[in-house]
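**Student:** Pasting final.txt here (compact mmCIF, C-alpha atoms):
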```
# COMPACT_ATOMS: atom_id res chain seq x y z
CA MET I 1 -12.68 -4.64 20.37
CA SER I 2 -11.74 -6.12 17.02
CA ALA I 3 -10.11 -9.56 17.04
CA ARG I 4 -8.38 -8.71 13.77
CA ARG I 5 -4.61 -8.95 13.80
CA PRO I 6 -3.48 -8.90 10.14
CA TYR I 7 -0.01 -10.41 9.73
CA VAL I 8 2.45 -8.59 7.48
CA ARG I 9 5.17 -10.84 6.07
CA SER I 10 8.78 -9.71 5.77
CA MET I 11 10.27 -8.77 2.38
CA ASP I 12 13.79 -9.81 3.44
CA GLY I 13 15.55 -11.67 0.64
CA TRP I 14 12.59 -11.16 -1.69
CA TRP I 15 14.69 -11.30 -4.85
CA ARG I 16 15.90 -14.82 -4.05
CA ARG I 17 12.35 -16.17 -3.76
CA ASP I 18 11.65 -16.57 -7.47
CA PRO I 19 13.97 -17.24 -10.45
CA PHE I 20 12.16 -14.39 -12.25
CA PHE I 21 13.32 -11.92 -9.57
CA VAL I 22 16.89 -13.25 -9.76
CA GLY I 23 16.81 -12.58 -13.51
CA TYR I 24 15.45 -9.10 -12.89
CA MET I 25 18.16 -8.27 -10.35
CA ALA I 26 20.80 -9.63 -12.75
CA ARG I 27 19.43 -7.31 -15.45
CA GLU I 28 19.60 -4.33 -13.07
CA ALA I 29 23.11 -5.32 -11.93
CA THR I 30 24.42 -5.34 -15.52
CA ALA I 31 23.93 -1.55 -15.46
CA VAL I 32 26.84 -1.33 -12.99
CA LEU I 33 29.18 -2.96 -15.50
CA VAL I 34 27.87 -0.70 -18.27
CA VAL I 35 29.02 2.21 -16.10
CA ALA I 36 32.36 0.44 -15.47
CA TYR I 37 32.97 0.15 -19.21
CA ALA I 38 32.01 3.78 -19.74
CA VAL I 39 34.71 4.67 -17.18
CA VAL I 40 37.27 2.59 -19.12
CA LEU I 41 36.38 4.48 -22.31
CA LEU I 42 36.45 7.81 -20.47
CA ILE I 43 39.97 7.08 -19.22
CA GLY I 44 40.93 6.34 -22.86
CA LEU I 45 39.56 9.73 -23.89
CA ILE I 46 41.51 11.49 -21.13
CA ARG I 47 44.70 9.65 -22.12
CA LEU I 48 44.09 10.63 -25.77
CA SER I 49 43.92 14.30 -24.75
CA GLN I 50 47.29 13.89 -23.02
CA GLY I 51 49.13 12.97 -26.23
CA GLN I 52 50.18 9.98 -28.26
CA ALA I 53 52.42 8.32 -25.66
CA ALA I 54 49.71 8.44 -22.99
CA TYR I 55 47.12 7.06 -25.42
CA GLU I 56 49.37 4.20 -26.51
CA GLY I 57 50.02 3.41 -22.86
CA TRP I 58 46.27 3.04 -22.38
CA LEU I 59 46.04 0.81 -25.47
CA TYR I 60 48.92 -1.29 -24.12
CA ALA I 61 47.19 -1.64 -20.74
CA LEU I 62 44.09 -2.97 -22.52
CA ARG I 63 46.19 -5.85 -23.90
CA SER I 64 47.00 -7.22 -20.45
CA PRO I 65 45.40 -10.62 -19.60
CA LEU I 66 43.46 -8.93 -16.80
CA ALA I 67 41.98 -6.35 -19.20
CA ILE I 68 41.14 -9.04 -21.78
CA GLY I 69 39.47 -11.18 -19.10
CA PHE I 70 37.49 -8.13 -17.94
CA HIS I 71 36.34 -7.47 -21.51
CA ILE I 72 35.21 -11.08 -21.98
CA VAL I 73 33.12 -10.75 -18.80
CA LEU I 74 31.78 -7.42 -20.09
CA LEU I 75 30.83 -8.99 -23.44
CA ALA I 76 28.85 -11.76 -21.74
CA VAL I 77 27.17 -9.28 -19.39
CA PHE I 78 26.31 -6.86 -22.23
CA MET I 79 24.79 -9.70 -24.24
CA TYR I 80 22.56 -10.59 -21.29
CA HIS I 81 21.75 -6.89 -20.86
CA THR I 82 20.75 -6.61 -24.54
CA TRP I 83 18.66 -9.79 -24.45
CA SER I 84 16.85 -8.79 -21.25
CA TRP I 85 16.28 -5.26 -22.59
CA PHE I 86 14.61 -6.42 -25.78
CA ARG I 87 12.69 -9.10 -23.90
CA ILE I 88 10.98 -6.42 -21.75
CA MET I 89 10.55 -4.05 -24.73
CA PRO I 90 7.11 -5.32 -25.89
CA LYS I 91 5.79 -4.49 -22.41
CA THR I 92 7.08 -0.92 -22.55
CA MET I 93 5.71 0.14 -25.95
CA PRO I 94 2.40 1.53 -27.15
CA LEU I 95 0.28 -1.11 -28.86
CA ILE I 96 1.20 -1.69 -32.49
CA LEU I 97 -1.86 -2.85 -34.43
CA PRO I 98 -0.80 -3.39 -38.04
CA ASP I 99 -3.92 -5.31 -39.08
CA GLY I 100 -6.11 -4.35 -36.16
CA ARG I 101 -4.47 -7.01 -33.99
CA ARG I 102 -1.67 -6.57 -31.49
CA LEU I 103 1.79 -7.36 -32.84
CA SER I 104 3.17 -10.46 -31.10
CA PRO I 105 5.71 -9.71 -28.33
CA ALA I 106 8.04 -12.38 -29.73
CA LEU I 107 8.19 -10.50 -33.05
CA ILE I 108 9.11 -7.21 -31.32
CA THR I 109 11.80 -8.90 -29.22
CA GLY I 110 13.11 -10.78 -32.28
CA ALA I 111 13.25 -7.61 -34.37
CA GLY I 112 15.14 -5.77 -31.60
CA LEU I 113 17.68 -8.57 -31.16
CA THR I 114 18.17 -8.83 -34.94
CA ALA I 115 18.73 -5.07 -35.20
CA ALA I 116 21.23 -5.22 -32.31
CA ALA I 117 23.08 -8.13 -33.96
CA ILE I 118 23.27 -6.30 -37.32
CA VAL I 119 24.53 -3.05 -35.73
CA CYS I 120 27.14 -4.88 -33.61
CA ALA I 121 28.36 -6.95 -36.58
CA SER I 122 28.63 -3.82 -38.77
CA LEU I 123 30.65 -2.04 -36.07
CA VAL I 124 33.05 -4.99 -35.77
CA VAL I 125 33.48 -5.15 -39.56
CA ALA I 126 34.00 -1.37 -39.77
CA ALA I 127 36.54 -1.45 -36.90
CA MET I 128 38.47 -4.27 -38.59
CA LYS I 129 38.56 -2.32 -41.87
CA VAL I 130 39.89 0.77 -40.08
CA ALA I 131 42.52 -1.32 -38.28
CA ALA I 132 43.60 -3.11 -41.50
CA MET M 1 -14.08 -46.58 -14.87
CA ALA M 2 -13.00 -44.62 -11.82
CA GLU M 3 -9.27 -44.20 -11.54
CA PRO M 4 -7.63 -45.35 -8.31
CA ALA M 5 -7.36 -42.44 -5.89
CA ARG M 6 -3.85 -41.20 -5.17
CA THR M 7 -2.89 -39.17 -2.15
CA ILE M 8 -0.95 -35.89 -2.27
CA GLU M 9 0.47 -33.87 0.60
CA ILE M 10 -0.87 -30.30 0.70
CA GLU M 11 1.09 -27.96 2.95
CA VAL M 12 -0.95 -24.91 3.95
CA LEU M 13 0.39 -21.79 5.62
CA ARG M 14 -2.02 -21.39 8.53
CA TYR M 15 -2.55 -18.24 10.53
CA ARG M 16 -5.17 -18.07 13.23
CA PRO M 17 -4.62 -14.71 14.94
CA GLU M 18 -6.29 -15.88 18.15
CA GLN M 19 -3.84 -18.75 18.62
CA GLU M 20 -0.68 -17.99 16.59
CA SER M 21 1.62 -14.99 16.70
CA GLU M 22 2.95 -15.85 13.24
CA PRO M 23 1.92 -18.17 10.38
CA VAL M 24 2.84 -21.88 10.55
CA LEU M 25 2.79 -24.65 7.94
CA GLN M 26 0.32 -27.48 8.40
CA SER M 27 0.26 -30.64 6.27
CA TYR M 28 -2.74 -32.60 5.03
CA ALA M 29 -2.86 -35.89 3.11
CA VAL M 30 -5.50 -35.41 0.43
CA PRO M 31 -6.82 -38.11 -1.92
CA PHE M 32 -7.15 -36.69 -5.42
CA THR M 33 -8.01 -37.50 -9.00
CA ASP M 34 -6.46 -36.10 -12.18
CA ASP M 35 -9.22 -33.55 -12.67
CA MET M 36 -8.92 -32.02 -9.19
CA SER M 37 -7.67 -28.45 -8.79
CA VAL M 38 -5.71 -27.14 -5.82
CA LEU M 39 -8.93 -25.36 -4.80
CA GLN M 40 -10.78 -28.69 -4.76
CA GLY M 41 -7.96 -30.08 -2.62
CA LEU M 42 -8.54 -27.26 -0.12
CA GLN M 43 -12.28 -27.88 -0.24
CA TYR M 44 -11.61 -31.54 0.56
CA ILE M 45 -9.55 -30.48 3.59
CA LYS M 46 -12.31 -28.13 4.76
CA ASP M 47 -15.07 -30.74 4.27
CA TYR M 48 -13.36 -33.87 5.60
CA LEU M 49 -10.13 -33.09 7.45
CA ASP M 50 -10.16 -29.67 9.10
CA GLY M 51 -13.19 -27.39 9.08
CA THR M 52 -11.21 -24.49 10.54
CA LEU M 53 -9.27 -23.82 7.31
CA SER M 54 -10.20 -20.45 5.76
CA PHE M 55 -9.88 -19.50 2.09
CA ARG M 56 -11.81 -17.50 -0.50
CA TRP M 57 -13.38 -18.93 -3.61
CA SER M 58 -16.47 -18.54 -5.70
CA CYS M 59 -16.77 -19.41 -9.39
CA ARG M 60 -14.24 -22.28 -9.83
CA MET M 61 -13.66 -21.21 -13.44
CA ALA M 62 -11.10 -18.40 -13.41
CA ILE M 63 -13.49 -15.50 -13.78
CA CYS M 64 -14.35 -14.29 -10.26
CA GLY M 65 -10.77 -13.66 -9.15
CA SER M 66 -11.35 -14.82 -5.56
CA CYS M 67 -9.09 -17.85 -5.19
CA GLY M 68 -5.65 -16.39 -5.91
CA MET M 69 -2.89 -17.78 -3.67
CA MET M 70 0.81 -18.59 -3.70
CA ILE M 71 1.14 -22.14 -5.00
CA GLU M 72 4.72 -23.39 -4.63
CA GLY M 73 5.69 -19.72 -4.29
CA VAL M 74 4.02 -18.59 -7.53
CA PRO M 75 0.86 -16.45 -7.56
CA LYS M 76 -1.87 -18.53 -9.23
CA LEU M 77 -5.61 -19.03 -9.26
CA SER M 78 -6.09 -22.23 -7.27
CA CYS M 79 -9.11 -23.18 -9.41
CA GLN M 80 -7.02 -23.45 -12.57
CA THR M 81 -3.97 -25.12 -11.03
CA PHE M 82 -4.16 -28.88 -10.83
CA LEU M 83 -2.90 -31.15 -8.06
CA ARG M 84 -1.58 -33.67 -10.62
CA GLU M 85 1.13 -31.13 -11.65
CA PHE M 86 2.80 -31.54 -8.27
CA TYR M 87 2.34 -35.27 -7.65
CA PRO M 88 4.26 -37.28 -6.42
CA GLY M 89 5.78 -34.27 -4.68
CA LYS M 90 3.85 -32.15 -2.21
CA VAL M 91 2.31 -28.77 -2.91
CA ARG M 92 2.74 -25.74 -0.66
CA VAL M 93 -0.08 -23.22 -0.54
CA GLU M 94 0.20 -19.78 1.07
CA ALA M 95 -1.81 -16.57 1.15
CA LEU M 96 -1.04 -14.09 -1.66
CA SER M 97 2.29 -12.39 -1.08
CA HIS M 98 2.61 -8.68 -0.29
CA PHE M 99 -0.80 -8.45 1.39
CA PRO M 100 -1.43 -8.70 5.14
CA ILE M 101 -2.78 -12.14 6.10
CA GLU M 102 -6.18 -11.85 7.74
CA ARG M 103 -6.53 -15.59 8.43
CA ASP M 104 -4.97 -18.65 6.77
CA LEU M 105 -5.25 -18.07 3.00
CA VAL M 106 -7.43 -14.98 3.31
CA ILE M 107 -5.67 -11.68 2.73
CA ASP M 108 -6.72 -8.14 3.60
CA ALA M 109 -7.62 -6.58 0.23
CA SER M 110 -8.81 -3.22 1.56
CA ASP M 111 -5.77 -1.38 0.13
CA PHE M 112 -6.54 -2.75 -3.34
CA ILE M 113 -10.26 -1.93 -3.08
CA GLY M 114 -9.49 1.61 -1.90
CA LYS M 115 -7.19 2.18 -4.87
CA LEU M 116 -9.78 0.71 -7.23
CA GLU M 117 -12.29 3.29 -6.03
CA SER M 118 -9.79 6.11 -6.45
CA ILE M 119 -9.23 5.80 -10.22
CA THR M 120 -12.74 6.66 -11.45
CA PRO M 121 -13.15 3.07 -12.71
CA TYR M 122 -15.97 3.79 -15.13
CA ILE M 123 -16.50 5.69 -18.36
CA VAL M 124 -17.22 9.39 -18.01
CA PRO M 125 -18.71 10.22 -21.42
CA LYS M 126 -16.64 12.67 -23.43
CA GLU M 127 -19.81 13.95 -25.08
CA PRO M 128 -23.09 13.20 -23.33
CA ARG M 129 -25.64 11.61 -25.65
CA THR M 130 -29.33 11.05 -25.21
CA LEU M 131 -30.88 7.64 -25.93
CA ASP M 132 -32.40 8.79 -29.23
CA GLN M 133 -28.95 9.87 -30.43
CA GLY M 134 -28.02 6.18 -30.41
CA GLU M 135 -24.97 4.29 -29.19
CA TYR M 136 -21.35 5.41 -29.03
CA LEU M 137 -19.57 3.95 -32.04
CA GLN M 138 -16.00 2.69 -32.01
CA THR M 139 -13.74 1.30 -34.71
CA PRO M 140 -12.09 -2.14 -34.19
CA ALA M 141 -8.75 -0.31 -33.68
CA GLN M 142 -10.28 1.90 -30.96
CA LEU M 143 -11.65 -1.23 -29.27
CA GLU M 144 -8.29 -2.97 -29.45
CA GLN M 145 -6.65 -0.08 -27.55
CA PHE M 146 -8.41 -1.05 -24.32
CA LEU M 147 -9.93 -4.51 -24.84
CA GLN M 148 -7.15 -6.58 -23.29
CA PHE M 149 -6.97 -4.28 -20.25
CA SER M 150 -10.68 -4.73 -19.64
CA GLY M 151 -10.08 -8.44 -19.01
CA CYS M 152 -8.88 -7.79 -15.44
CA ILE M 153 -10.80 -9.82 -12.84
CA ASN M 154 -9.24 -8.08 -9.78
CA CYS M 155 -7.59 -11.32 -8.64
CA MET M 156 -4.52 -9.44 -7.34
CA LEU M 157 -2.03 -12.06 -8.58
CA CYS M 158 -0.06 -9.19 -10.19
CA TYR M 159 0.25 -7.49 -6.79
CA ALA M 160 1.66 -10.70 -5.32
CA ALA M 161 4.12 -10.73 -8.25
CA CYS M 162 5.21 -7.09 -7.82
CA PRO M 163 8.18 -6.60 -5.48
CA GLN M 164 7.78 -2.82 -5.67
CA TYR M 165 4.28 -3.14 -4.19
CA GLY M 166 5.63 -5.57 -1.58
CA LEU M 167 8.37 -3.14 -0.59
CA ASP M 168 6.07 -0.10 -0.51
CA SER M 169 2.33 -0.59 -0.68
CA LYS M 170 1.81 3.11 -1.44
CA PHE M 171 2.55 2.16 -5.07
CA THR M 172 -0.77 2.09 -6.94
CA GLY M 173 0.29 -1.23 -8.42
CA PRO M 174 -0.09 -3.12 -11.71
CA GLY M 175 -3.74 -4.22 -11.72
CA ILE M 176 -5.24 -0.87 -10.78
CA LEU M 177 -3.00 0.97 -13.26
CA ALA M 178 -4.10 -1.49 -15.98
CA LEU M 179 -7.73 -0.72 -15.15
CA LEU M 180 -6.98 2.99 -15.10
CA HIS M 181 -5.46 2.61 -18.55
CA ARG M 182 -8.49 0.62 -19.70
CA TYR M 183 -10.63 3.74 -19.20
CA ASN M 184 -8.02 6.27 -20.35
CA ALA M 185 -7.50 4.33 -23.58
CA ASP M 186 -11.24 4.23 -24.32
CA SER M 187 -12.21 6.69 -27.07
CA ARG M 188 -15.59 7.31 -25.39
CA ASP M 189 -14.06 8.45 -22.09
CA GLY M 190 -13.47 12.03 -21.03
CA ALA M 191 -11.94 11.70 -17.54
CA ARG M 192 -8.32 11.17 -18.58
CA ASP M 193 -7.04 14.41 -17.04
CA LYS M 194 -8.46 13.48 -13.66
CA ARG M 195 -6.85 10.03 -13.75
CA MET M 196 -3.52 11.39 -14.97
CA ASP M 197 -3.18 13.27 -11.66
CA LEU M 198 -2.76 9.81 -10.07
CA VAL M 199 -0.51 8.51 -12.85
CA HIS M 200 2.00 11.39 -12.54
CA THR M 201 2.84 10.80 -8.88
CA GLU M 202 5.67 8.73 -7.43
CA GLU M 203 2.99 6.30 -6.23
CA GLY M 204 1.51 6.29 -9.73
CA VAL M 205 3.47 4.78 -12.59
CA TRP M 206 6.89 6.00 -11.43
CA SER M 207 7.33 3.39 -8.71
CA CYS M 208 7.37 0.69 -11.41
CA THR M 209 10.84 -0.56 -12.33
CA ALA M 210 9.69 -2.83 -15.18
CA VAL M 211 10.19 -6.12 -13.37
CA GLY M 212 7.48 -7.49 -15.69
CA TYR M 213 6.43 -10.46 -13.53
CA CYS M 214 2.90 -9.01 -13.18
CA SER M 215 2.22 -9.73 -16.84
CA GLU M 216 3.68 -13.24 -16.57
CA VAL M 217 1.35 -14.29 -13.77
CA CYS M 218 -1.83 -12.61 -15.07
CA PRO M 219 -4.38 -15.37 -15.72
CA LYS M 220 -6.31 -13.23 -18.20
CA GLY M 221 -3.52 -11.96 -20.50
CA VAL M 222 -4.08 -8.34 -19.44
CA ASP M 223 -0.37 -7.39 -19.52
CA PRO M 224 -0.45 -4.78 -16.73
CA ALA M 225 3.26 -4.01 -17.25
CA ASN M 226 2.37 -2.69 -20.69
CA ALA M 227 -0.40 -0.48 -19.29
CA VAL M 228 1.96 0.95 -16.65
CA ASN M 229 4.76 1.61 -19.12
CA GLN M 230 2.48 3.17 -21.74
CA ASN M 231 1.48 5.57 -18.99
CA LYS M 232 5.09 6.40 -18.15
CA THR M 233 5.34 7.64 -21.74
CA ALA M 234 1.99 9.43 -21.41
CA SER M 235 3.06 11.01 -18.10
CA ALA M 236 6.38 12.20 -19.56
CA MET M 237 4.56 13.62 -22.61
CA ASP M 238 2.14 15.49 -20.35
CA PHE M 239 5.09 16.87 -18.36
CA PHE M 240 6.76 18.35 -21.44
CA LEU M 241 3.58 19.33 -23.28
CA ARG M 242 2.35 21.42 -20.35
CA PHE M 243 4.91 24.05 -21.32
CA VAL M 244 3.45 24.17 -24.83
CA ALA M 245 -0.24 23.75 -24.06
CA PRO M 246 -1.05 24.32 -20.37
CA LYS M 247 -4.30 22.71 -19.30
CA GLY M 248 -6.01 21.11 -16.33
CA SER M 249 -3.93 20.96 -13.17
CA ALA M 250 -0.65 21.09 -15.14
CA LYS M 251 -0.56 24.87 -15.35
```
Just give me the structure as structure tokens.

**Tutor:**
Amino acid sequence: MSARRPYVRSMDGWWRRDPFFVGYMAREATAVLVVAYAVVLLIGLIRLSQGQAAYEGWLYALRSPLAIGFHIVLLAVFMYHTWSWFRIMPKTMPLILPDGRRLSPALITGAGLTAAAIVCASLVVAAMKVAA
Amino acid sequence: MAEPARTIEIEVLRYRPEQESEPVLQSYAVPFTDDMSVLQGLQYIKDYLDGTLSFRWSCRMAICGSCGMMIEGVPKLSCQTFLREFYPGKVRVEALSHFPIERDLVIDASDFIGKLESITPYIVPKEPRTLDQGEYLQTPAQLEQFLQFSGCINCMLCYAACPQYGLDSKFTGPGILALLHRYNADSRDGARDKRMDLVHTEEGVWSCTAVGYCSEVCPKGVDPANAVNQNKTASAMDFFLRFVAPKGSAK
């Protein structure tokens, strides 16, 4: 009879074992708040379809301290989401070999974050112009 | 001039199936010098303190892939991790995570070896050539497509870094998928269709959730996460293209 008795270790609490896993779980968890914000926007759309008074009621509700606090949390979470998304991007793309050598991951991440910053800034500027 | 020897505490997760029902930590005081690796610390224990300690090693220069272990909870090759990094603290050494422990720091790698055999890990020539027809030529760009993935030394650190493999070992896993990609991405190879049958499955690339730690811990810069994710794209393309151009098993 074999004397082998391989020991299988438990995976309980695996994501707390390494800071890298905590970061990964945080990235995955941000998706929940992305959904939450989509729901907020969806409610706005429904209120818009119900007429001007309903829509303005929704806008008014967004000005409450609770709603503003929620949006500040969302902003921070979305920024982390964006950063983590572009950080993993070089690992998810086909190889780009402009001069026969692989493009550096830092360049891909940097380009993604720059593009995100430009798009977000343009949206804010455009929204302010519409509001003005 | 010889430097004065310092002493570091090495904590080893021991498991002797004939005497323990579960692994236990055991401490050793090991004298060391600045140039001593964790592996050399373990060799000191085995030679002078406790001959019953079991661990795998061979080349001592990060090319054989035998001495991977969890060092302070991080998968590393013990031959290229130095004791001085941890002094004056202690250093905890455990068998590679996510694999069954056979004894002490030795894990059961049979799952990994079985998967390695399953991926046709060699080039099947696209067009057979005779010797007098000469060698298969490749451009530098064609070489670059697979070169980094061919650096894998089968050390399994990426498996110890992959929670998806830890949670369900049916997942083919990062290292084997990187090797699979190494052959698929080779312009001389003609066995892609056969390998894609493995890629398409749940246990193929689709169990990967892009944690990305596999690529961080790889001692050879292989970037297995990139190989896996390139094949998610390839698998999705195959899925949609089969409606346009049915071939192979995707009829």

**Student:** Neighbouring residues of Met36 of chain M were defined as those with any atom within 10 Å, considering all atoms listed in the file; residues of the same chain fewer than 2 positions away were excluded. Please report them as a PDB file with C-alpha atoms, in the frame of the given file.

**Tutor:**
```
ATOM      1  CA  PRO M  31      -6.820 -38.110  -1.920  1.00  0.00           C
ATOM      2  CA  PHE M  32      -7.150 -36.690  -5.420  1.00  0.00           C
ATOM      3  CA  THR M  33      -8.010 -37.500  -9.000  1.00  0.00           C
ATOM      4  CA  ASP M  34      -6.460 -36.100 -12.180  1.00  0.00           C
ATOM      5  CA  VAL M  38      -5.710 -27.140  -5.820  1.00  0.00           C
ATOM      6  CA  LEU M  39      -8.930 -25.360  -4.800  1.00  0.00           C
ATOM      7  CA  GLN M  40     -10.780 -28.690  -4.760  1.00  0.00           C
ATOM      8  CA  GLY M  41      -7.960 -30.080  -2.620  1.00  0.00           C
ATOM      9  CA  CYS M  79      -9.110 -23.180  -9.410  1.00  0.00           C
ATOM     10  CA  GLN M  80      -7.020 -23.450 -12.570  1.00  0.00           C
ATOM     11  CA  THR M  81      -3.970 -25.120 -11.030  1.00  0.00           C
ATOM     12  CA  PHE M  82      -4.160 -28.880 -10.830  1.00  0.00           C
ATOM     13  CA  LEU M  83      -2.900 -31.150  -8.060  1.00  0.00           C
ATOM     14  CA  ARG M  84      -1.580 -33.670 -10.620  1.00  0.00           C
TER      15      ARG M  84
END
```

**Student:** Would you work out the distance separating atom CA of Ser58 of chain M from atom CA of Ile153 of chain M, expressed in Å to one decimal?

**Tutor:**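 These atoms are spaced 12.6 Å apart.
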
**Student:** Write out as JSON, numbers by chain every residue belonging to chain I that has an atom at most 10 Å from any atom of chain M, counting only C-alpha atoms.

**Tutor:** {"I": [3, 4, 5, 6, 7, 8, 9, 10, 11, 12, 14, 15, 17, 18, 20, 21, 23, 24, 25, 27, 28, 87, 88, 89, 90, 91, 92, 93, 94, 95, 96, 97, 98, 99, 100, 101, 102]}

**Student:** Closest to Pro88 of chain M among M:Thr172, M:Ile8, M:Leu179, M:Arg129, using only C-alpha atoms?

**Tutor:**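 When distances to Pro88 of chain M are compared using only C-alpha atoms, the smallest one comes from M:Ile8.
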
**Student:** From the set M:Leu77, M:Phe239, M:Arg192, M:Tyr165, which residue has the shortest atom-to-atom contact distance to Cys59 of chain M, counting all atoms listed in the file?

**Tutor:** M:Leu77

**Student:** List the spatial neighbours of Met69 of chain M as a ChimeraX atom specification - criterion: any atom at most 9 Å away, all atoms listed in the file, same-chain residues fewer than 6 positions off excluded.

**Tutor:** /M:75-78,93-97,105-106,157,160

**Student:** Quick one: distance from atom CA of Lys46 of chain M to atom CA of Gln19 of chain M in Å, one decimal?

**Tutor:** 18.8 Å

**Student:** Pick the closest to Thr120 of chain M from M:Lys220, M:Lys90, M:Arg14, M:Arg182: which is it, counting only C-alpha atoms?

**Tutor:**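 Among the listed residues, the smallest separation from Thr120 of chain M belongs to M:Arg182.
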
**Student:** Hey, can you check how far atom CA of Ser2 of chain I sits from atom CA of Asp50 of chain M?

**Tutor:**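 Between atom CA of Ser2 of chain I and atom CA of Asp50 of chain M the gap works out to 24.9 Å.
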
**Student:** Provide segment 90-110 of chain M rebuilt to N, CA and C atoms, formatted as a PDB file, in the frame of the given file.

**Tutor:**
```
ATOM      1  N   LYS M  90       4.925 -32.822  -2.930  1.00  0.00           N
ATOM      2  CA  LYS M  90       3.850 -32.150  -2.210  1.00  0.00           C
ATOM      3  C   LYS M  90       3.609 -30.781  -2.823  1.00  0.00           C
ATOM      4  N   VAL M  91       2.563 -30.125  -2.412  1.00  0.00           N
ATOM      5  CA  VAL M  91       2.310 -28.770  -2.910  1.00  0.00           C
ATOM      6  C   VAL M  91       2.092 -27.837  -1.726  1.00  0.00           C
ATOM      7  N   ARG M  92       2.837 -26.696  -1.769  1.00  0.00           N
ATOM      8  CA  ARG M  92       2.740 -25.740  -0.660  1.00  0.00           C
ATOM      9  C   ARG M  92       1.837 -24.585  -1.078  1.00  0.00           C
ATOM     10  N   VAL M  93       0.891 -24.272  -0.233  1.00  0.00           N
ATOM     11  CA  VAL M  93      -0.080 -23.220  -0.540  1.00  0.00           C
ATOM     12  C   VAL M  93      -0.015 -22.155   0.552  1.00  0.00           C
ATOM     13  N   GLU M  94       0.138 -20.882   0.103  1.00  0.00           N
ATOM     14  CA  GLU M  94       0.200 -19.780   1.070  1.00  0.00           C
ATOM     15  C   GLU M  94      -0.710 -18.643   0.612  1.00  0.00           C
ATOM     16  N   ALA M  95      -1.029 -17.754   1.510  1.00  0.00           N
ATOM     17  CA  ALA M  95      -1.810 -16.570   1.150  1.00  0.00           C
ATOM     18  C   ALA M  95      -1.008 -15.725   0.164  1.00  0.00           C
ATOM     19  N   LEU M  96      -1.704 -14.952  -0.677  1.00  0.00           N
ATOM     20  CA  LEU M  96      -1.040 -14.090  -1.660  1.00  0.00           C
ATOM     21  C   LEU M  96       0.022 -13.223  -1.005  1.00  0.00           C
ATOM     22  N   SER M  97       1.199 -13.214  -1.604  1.00  0.00           N
ATOM     23  CA  SER M  97       2.290 -12.390  -1.080  1.00  0.00           C
ATOM     24  C   SER M  97       1.942 -10.900  -1.113  1.00  0.00           C
ATOM     25  N   HIS M  98       2.640 -10.142  -0.301  1.00  0.00           N
ATOM     26  CA  HIS M  98       2.610  -8.680  -0.290  1.00  0.00           C
ATOM     27  C   HIS M  98       1.316  -8.086   0.285  1.00  0.00           C
ATOM     28  N   PHE M  99       0.399  -8.932   0.712  1.00  0.00           N
ATOM     29  CA  PHE M  99      -0.800  -8.450   1.390  1.00  0.00           C
ATOM     30  C   PHE M  99      -0.771  -8.953   2.839  1.00  0.00           C
ATOM     31  N   PRO M 100      -1.342  -8.191   3.773  1.00  0.00           N
ATOM     32  CA  PRO M 100      -1.430  -8.700   5.140  1.00  0.00           C
ATOM     33  C   PRO M 100      -2.334  -9.936   5.175  1.00  0.00           C
ATOM     34  N   ILE M 101      -1.939 -10.941   5.967  1.00  0.00           N
ATOM     35  CA  ILE M 101      -2.780 -12.140   6.100  1.00  0.00           C
ATOM     36  C   ILE M 101      -3.839 -11.874   7.159  1.00  0.00           C
ATOM     37  N   GLU M 102      -5.083 -12.020   6.790  1.00  0.00           N
ATOM     38  CA  GLU M 102      -6.180 -11.850   7.740  1.00  0.00           C
ATOM     39  C   GLU M 102      -6.350 -13.143   8.541  1.00  0.00           C
ATOM     40  N   ARG M 103      -6.424 -14.262   7.813  1.00  0.00           N
ATOM     41  CA  ARG M 103      -6.530 -15.590   8.430  1.00  0.00           C
ATOM     42  C   ARG M 103      -6.217 -16.633   7.372  1.00  0.00           C
ATOM     43  N   ASP M 104      -5.356 -17.577   7.695  1.00  0.00           N
ATOM     44  CA  ASP M 104      -4.970 -18.650   6.770  1.00  0.00           C
ATOM     45  C   ASP M 104      -4.663 -18.124   5.362  1.00  0.00           C
ATOM     46  N   LEU M 105      -5.522 -18.468   4.378  1.00  0.00           N
ATOM     47  CA  LEU M 105      -5.250 -18.070   3.000  1.00  0.00           C
ATOM     48  C   LEU M 105      -6.011 -16.807   2.603  1.00  0.00           C
ATOM     49  N   VAL M 106      -6.646 -16.186   3.573  1.00  0.00           N
ATOM     50  CA  VAL M 106      -7.430 -14.980   3.310  1.00  0.00           C
ATOM     51  C   VAL M 106      -6.570 -13.748   3.570  1.00  0.00           C
ATOM     52  N   ILE M 107      -6.464 -12.889   2.546  1.00  0.00           N
ATOM     53  CA  ILE M 107      -5.670 -11.680   2.730  1.00  0.00           C
ATOM     54  C   ILE M 107      -6.591 -10.472   2.925  1.00  0.00           C
ATOM     55  N   ASP M 108      -5.988  -9.393   3.435  1.00  0.00           N
ATOM     56  CA  ASP M 108      -6.720  -8.140   3.600  1.00  0.00           C
ATOM     57  C   ASP M 108      -6.574  -7.339   2.307  1.00  0.00           C
ATOM     58  N   ALA M 109      -7.666  -7.230   1.546  1.00  0.00           N
ATOM     59  CA  ALA M 109      -7.620  -6.580   0.230  1.00  0.00           C
ATOM     60  C   ALA M 109      -8.064  -5.122   0.287  1.00  0.00           C
ATOM     61  N   SER M 110      -8.212  -4.558   1.491  1.00  0.00           N
ATOM     62  CA  SER M 110      -8.810  -3.220   1.560  1.00  0.00           C
ATOM     63  C   SER M 110      -7.962  -2.155   0.846  1.00  0.00           C
TER      64      SER M 110
END
```
